[in-house]
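Contents: one structure, followed by commentary.
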Amino acid sequence: MRPVKQGGCVVAEDTVFSVLYDKFMFWAIIVGVFTFAWLYLAVLRYREGVEPDTTHIDHIEVGAFPVDRHNTRVEVFFYVLPTLIVVWLIMMALASNTAVWSIPDDEDAHNMTIIGKQWFWEYHYEDALTWEDDPASTGIDVDWNGDTVLVTATGTSAANFTVSIDGADLDPVSIDSTTGIGQDQDAALTFNPRLFATVEVTDADGALLHTWMHIPGMDPNGNMFSFSSALGEDMIIPCDEDIVFTMHSRPSDDSNPNYIGVQHSFWLPEWGVKEDLVPGIEGGTVMTVMADDPGTFPIRCAEYCGAQHSVMYGQVKVVAAEGTTCAVDTGVKKTPGNAPPAGGAY
Ligand SMILES: [Cu+2]
């Protein structure tokens with residue numbers, strides 16, 4: 001489902017808890033209709049001046065507690081049915097909790113490490129991510145193959161593209177205005193999956209029309225590329241994949257070995273989920289989300305963490321991994337993937 005515009009903001013649908021809300025609403029309506037129908041039936045049947053049909057299953061006498069004249073089947077039904085509904089609601093709620101606060105049994109999950117410091121977030125990439133803006137909406141397609149970057153922008157106002165590798169901008173390359181094709185071929189462009197790289201396509205005035213980006217994953221030494229909200233950078237995650245966040249609180253100044261930082265809470269209001277970052281928990285805490293809809297959504301700190309707690313916010317941008325779109329409505333997992341593993345989930 002496409003994101004819905006609400007008050008100028010994009011609203012994510014089909015999150016675990018919005019689906020859970022819909023399920024609860026469904027059962028609440030059924031129970032409500034049944035209960036009120038029964039209520040009005042009783043009001044009509046047993047109102048003053050109407051002789052009740054005592055042969056009927058309920059054969060209740062107005063004003064008398066039905067001790068002697070009761071119906072065991074109806075009474076058992078009245079206990080068993082609500083109990084079944086309550087058990088079913090508990091199962092659905094626990095399944096949603098398990099889907100969020102556990103590590104999914106998913107080889108293809110996109111793993112991130114979130115570091116909370118006073119007072120900003122760092123988004124570290126354990127897994128690489130290559131993505132670009134949706135060619136269907138920008139009309140532009142970037143293809144980086146070996147030492148060649150090919151930009152196809154037929155029928156758009158694209159004029160130039162700039163390749164940046166490891167933070168260094170290469171010279172802009174112009175795009176042929178008739179064919180809409182721009183190509184750069186150079187040994188310096190040989191694609192290296194270990195380096196952060198972007199291709200930005202701009203119009204003649206320099207306005208950004210289309211972005212292609214490669215974010216490298218963890219290197220063999222365990223070093224990870226990261227974005228930081230302190231630099232105004234957004235966290236970028238792919239849609240339609242389990243995103244597993246492992247979260248740690250760290251001091252922003254580690255000159256004092258006795259100071260291990262404070263508790264933060266990584267809150268994604270759009271998904272209705274948050275999880276604490278607890279100093280001293282070595283393995284970190286874990287939370288899983290699946291982003292179904294593209295868009296940019298807020299990140300907040302939900303645990304008072306000091307003087308500048310209120311500025312501890314960031315943004316998460318949900319994008320389509322290269323070669324995919326977010327148009328497929330995968331929804332969320334309607335059934336729990338597995339039970340929480342021993343340890344790891346808090
Ligand atoms: Cu905080």
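By convention in this document, the chains of the structure tokens carry letters A, B, ... by their order, each chain's residues are numbered from 1, and ligands are numbered from 1 in the order they are shown.
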Check every protein, DNA and RNA residue against ligand 1, keep those with an atom at most 9 Å away (counting only C-alpha atoms and all ligand atoms), and present them as a ChimeraX atom specification.
-> /A:116-121,249,262-266,277,300-306,308-313
Restricting it to N, CA and C atoms, dump the selection as an mmCIF file, in the first residue's frame.
```cif
data_model
loop_
_atom_site.group_PDB
_atom_site.id
_atom_site.type_symbol
_atom_site.label_atom_id
_atom_site.label_comp_id
_atom_site.auth_asym_id
_atom_site.auth_seq_id
_atom_site.Cartn_x
_atom_site.Cartn_y
_atom_site.Cartn_z
ATOM 1 N N GLY A 116 23.440 5.015 20.433
ATOM 2 C CA GLY A 116 22.881 6.236 20.995
ATOM 3 C C GLY A 116 23.928 6.912 21.863
ATOM 4 N N LYS A 117 24.151 8.180 21.613
ATOM 5 C CA LYS A 117 25.099 8.955 22.429
ATOM 6 C C LYS A 117 24.398 10.217 22.872
ATOM 7 N N GLN A 118 25.010 10.935 23.817
ATOM 8 C CA GLN A 118 24.444 12.221 24.231
ATOM 9 C C GLN A 118 24.931 13.285 23.248
ATOM 10 N N TRP A 119 24.103 13.804 22.306
ATOM 11 C CA TRP A 119 22.689 13.488 22.181
ATOM 12 C C TRP A 119 22.367 13.304 20.705
ATOM 13 N N PHE A 120 22.805 12.224 20.179
ATOM 14 C CA PHE A 120 22.575 11.948 18.746
ATOM 15 C C PHE A 120 22.614 10.442 18.487
ATOM 16 N N TRP A 121 22.218 10.082 17.261
ATOM 17 C CA TRP A 121 22.181 8.679 16.860
ATOM 18 C C TRP A 121 23.239 8.403 15.810
ATOM 19 N N SER A 249 24.051 1.876 23.905
ATOM 20 C CA SER A 249 24.293 3.233 24.384
ATOM 21 C C SER A 249 25.792 3.360 24.651
ATOM 22 N N VAL A 262 24.332 6.859 29.332
ATOM 23 C CA VAL A 262 23.003 6.845 29.948
ATOM 24 C C VAL A 262 22.050 6.030 29.078
ATOM 25 N N GLN A 263 20.896 5.780 29.629
ATOM 26 C CA GLN A 263 19.898 5.028 28.878
ATOM 27 C C GLN A 263 19.213 5.928 27.852
ATOM 28 N N HIS A 264 19.069 5.416 26.623
ATOM 29 C CA HIS A 264 18.277 6.084 25.588
ATOM 30 C C HIS A 264 17.180 5.113 25.158
ATOM 31 N N SER A 265 16.290 5.587 24.325
ATOM 32 C CA SER A 265 15.298 4.686 23.741
ATOM 33 C C SER A 265 15.081 5.060 22.290
ATOM 34 N N PHE A 266 15.349 4.093 21.424
ATOM 35 C CA PHE A 266 15.235 4.293 19.976
ATOM 36 C C PHE A 266 13.772 4.119 19.603
ATOM 37 N N LEU A 277 18.133 1.545 24.858
ATOM 38 C CA LEU A 277 19.569 1.301 24.686
ATOM 39 C C LEU A 277 20.146 1.392 26.091
ATOM 40 N N ARG A 300 12.959 9.303 17.241
ATOM 41 C CA ARG A 300 13.012 10.106 18.459
ATOM 42 C C ARG A 300 13.718 9.322 19.557
ATOM 43 N N CYS A 301 14.242 10.043 20.544
ATOM 44 C CA CYS A 301 14.704 9.389 21.759
ATOM 45 C C CYS A 301 13.553 9.453 22.753
ATOM 46 N N ALA A 302 13.133 8.286 23.262
ATOM 47 C CA ALA A 302 11.956 8.233 24.134
ATOM 48 C C ALA A 302 12.332 8.012 25.589
ATOM 49 N N GLU A 303 13.579 8.261 25.931
ATOM 50 C CA GLU A 303 14.014 8.092 27.322
ATOM 51 C C GLU A 303 14.819 9.327 27.694
ATOM 52 N N TYR A 304 14.378 10.015 28.750
ATOM 53 C CA TYR A 304 15.081 11.247 29.115
ATOM 54 C C TYR A 304 16.549 10.938 29.388
ATOM 55 N N CYS A 305 17.439 11.622 28.664
ATOM 56 C CA CYS A 305 18.849 11.227 28.686
ATOM 57 C C CYS A 305 19.771 12.407 28.925
ATOM 58 N N GLY A 306 19.230 13.501 29.482
ATOM 59 C CA GLY A 306 20.105 14.620 29.808
ATOM 60 C C GLY A 306 19.620 15.911 29.193
ATOM 61 N N GLN A 308 20.134 17.771 26.611
ATOM 62 C CA GLN A 308 19.701 17.981 25.229
ATOM 63 C C GLN A 308 18.912 16.797 24.661
ATOM 64 N N HIS A 309 18.244 16.099 25.577
ATOM 65 C CA HIS A 309 17.396 14.973 25.160
ATOM 66 C C HIS A 309 16.433 15.388 24.042
ATOM 67 N N SER A 310 15.904 16.615 24.149
ATOM 68 C CA SER A 310 14.871 17.044 23.200
ATOM 69 C C SER A 310 15.402 17.201 21.784
ATOM 70 N N VAL A 311 16.710 17.350 21.621
ATOM 71 C CA VAL A 311 17.230 17.494 20.253
ATOM 72 C C VAL A 311 17.738 16.157 19.708
ATOM 73 N N MET A 312 17.519 15.087 20.471
ATOM 74 C CA MET A 312 18.030 13.789 20.035
ATOM 75 C C MET A 312 17.021 13.137 19.088
ATOM 76 N N TYR A 313 16.995 13.664 17.873
ATOM 77 C CA TYR A 313 16.078 13.093 16.897
ATOM 78 C C TYR A 313 16.778 12.927 15.557
#
```
What are the DSSP strand (DSSP E) residues of range 144-244 of chain A, as a PyMOL selection string?
-> chain A and resi 144-145+148-152+158-165+168-169+173-174+181-185+197-203+208-215+225-228+235-238+242-244
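Between CA of Asp184 in chain A and CA of Thr148 in chain A the separation is 5.7 Å.
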Contacts of Thr202 in chain A within 7 Å, only C-alpha atoms, excl. fewer than 4 positions in-chain, as a ChimeraX atom specification | /A:158-161,206-209
Would you kindly return, as a VMD selection string, each protein, DNA or RNA residue with an atom no farther than 7 Å from any atom of Asp147 in chain A, considering only C-alpha atoms and excluding same-chain residues fewer than 2 positions away?
-> chain A and resid 145 149 185 to 187 189 to 191
Prev. selection, C-alpha atoms, output as a PDB file, in the first residue's frame:
```
ATOM      1  CA  ASN A 145      28.848  -1.699 -14.116  1.00  0.00           C
ATOM      2  CA  VAL A 149      28.550   4.624 -15.061  1.00  0.00           C
ATOM      3  CA  GLN A 185      34.090   5.309 -18.282  1.00  0.00           C
ATOM      4  CA  ASP A 186      37.308   5.449 -16.325  1.00  0.00           C
ATOM      5  CA  ALA A 187      39.510   3.095 -14.356  1.00  0.00           C
ATOM      6  CA  LEU A 189      35.258   4.424 -11.550  1.00  0.00           C
ATOM      7  CA  THR A 190      35.909   0.731 -11.061  1.00  0.00           C
ATOM      8  CA  PHE A 191      33.196  -0.172  -8.632  1.00  0.00           C
TER       9      PHE A 191
END
```
Give the answer as one residue: which of A:Val173, A:Met235, A:Val318, A:Val278 has the shortest atom-to-atom distance to His124 in chain A, using only C-alpha atoms?
-> A:Met235
What lies within 10 Å of Ile260 in chain A using only C-alpha atoms, ignoring chain neighbours under 2 positions off, as a list in words?
-> Ser249, Arg250, Pro251, Ser252, Asp253, Asp254, Asn256, Pro257, Asn258, Val262, Gln263, Val278, Pro279 and Gly280 of chain A
Take the residues from that selection and write them out as a JSON list (two decimals), in the first residue's frame, keeping N, CA and C atoms.
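What follows is the written file selection_21.json:
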```
[["chain", "number", "residue", "atom", "x", "y", "z"],
["A", 249, "SER", "N", 24.05, 1.88, 23.90],
["A", 249, "SER", "CA", 24.29, 3.23, 24.38],
["A", 249, "SER", "C", 25.79, 3.36, 24.65],
["A", 250, "ARG", "N", 26.38, 4.46, 24.17],
["A", 250, "ARG", "CA", 27.81, 4.70, 24.39],
["A", 250, "ARG", "C", 27.99, 6.14, 24.85],
["A", 251, "PRO", "N", 29.03, 6.40, 25.66],
["A", 251, "PRO", "CA", 29.32, 7.80, 25.98],
["A", 251, "PRO", "C", 29.87, 8.51, 24.74],
["A", 252, "SER", "N", 29.49, 9.77, 24.55],
["A", 252, "SER", "CA", 30.03, 10.47, 23.37],
["A", 252, "SER", "C", 31.49, 10.87, 23.62],
["A", 253, "ASP", "N", 31.88, 10.93, 24.89],
["A", 253, "ASP", "CA", 33.28, 11.21, 25.22],
["A", 253, "ASP", "C", 33.76, 10.04, 26.07],
["A", 254, "ASP", "N", 34.64, 9.20, 25.50],
["A", 254, "ASP", "CA", 35.03, 8.02, 26.28],
["A", 254, "ASP", "C", 36.38, 8.20, 26.98],
["A", 256, "ASN", "N", 36.60, 9.11, 30.04],
["A", 256, "ASN", "CA", 36.43, 8.65, 31.42],
["A", 256, "ASN", "C", 35.95, 7.20, 31.41],
["A", 257, "PRO", "N", 36.83, 6.26, 31.76],
["A", 257, "PRO", "CA", 36.44, 4.84, 31.67],
["A", 257, "PRO", "C", 35.34, 4.46, 32.66],
["A", 258, "ASN", "N", 35.10, 5.31, 33.66],
["A", 258, "ASN", "CA", 34.06, 4.99, 34.64],
["A", 258, "ASN", "C", 32.68, 5.47, 34.20],
["A", 262, "VAL", "N", 24.33, 6.86, 29.33],
["A", 262, "VAL", "CA", 23.00, 6.84, 29.95],
["A", 262, "VAL", "C", 22.05, 6.03, 29.08],
["A", 263, "GLN", "N", 20.90, 5.78, 29.63],
["A", 263, "GLN", "CA", 19.90, 5.03, 28.88],
["A", 263, "GLN", "C", 19.21, 5.93, 27.85],
["A", 278, "VAL", "N", 20.69, 0.28, 26.56],
["A", 278, "VAL", "CA", 21.06, 0.21, 27.97],
["A", 278, "VAL", "C", 22.57, 0.11, 28.10],
["A", 279, "PRO", "N", 23.22, 1.11, 28.75],
["A", 279, "PRO", "CA", 24.66, 1.01, 28.93],
["A", 279, "PRO", "C", 25.00, -0.21, 29.76],
["A", 280, "GLY", "N", 26.03, -0.94, 29.36],
["A", 280, "GLY", "CA", 26.44, -2.09, 30.14],
["A", 280, "GLY", "C", 25.94, -3.41, 29.60]]
```
Contacts of Met287 in chain A within 10 Å, only C-alpha atoms, excl. fewer than 3 positions in-chain, as an NGL selection string | :A and (97-104 or 243-247 or 266 or 273-276 or 344-346)
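Among A:Cys326, A:Ala204, A:Ile181, A:Val87, the residue with the shortest atom-to-atom distance to Asp240 in chain A, counting only C-alpha atoms, is A:Cys326.
The residue that comes closest to His248 in chain A, out of A:Met25, A:Ile281, A:Ala128, A:Val142 and on the basis of only C-alpha atoms, is A:Ile281.
What separates CA of Thr324 in chain A from CA of Glu200 in chain A is a distance of 19.1 Å.
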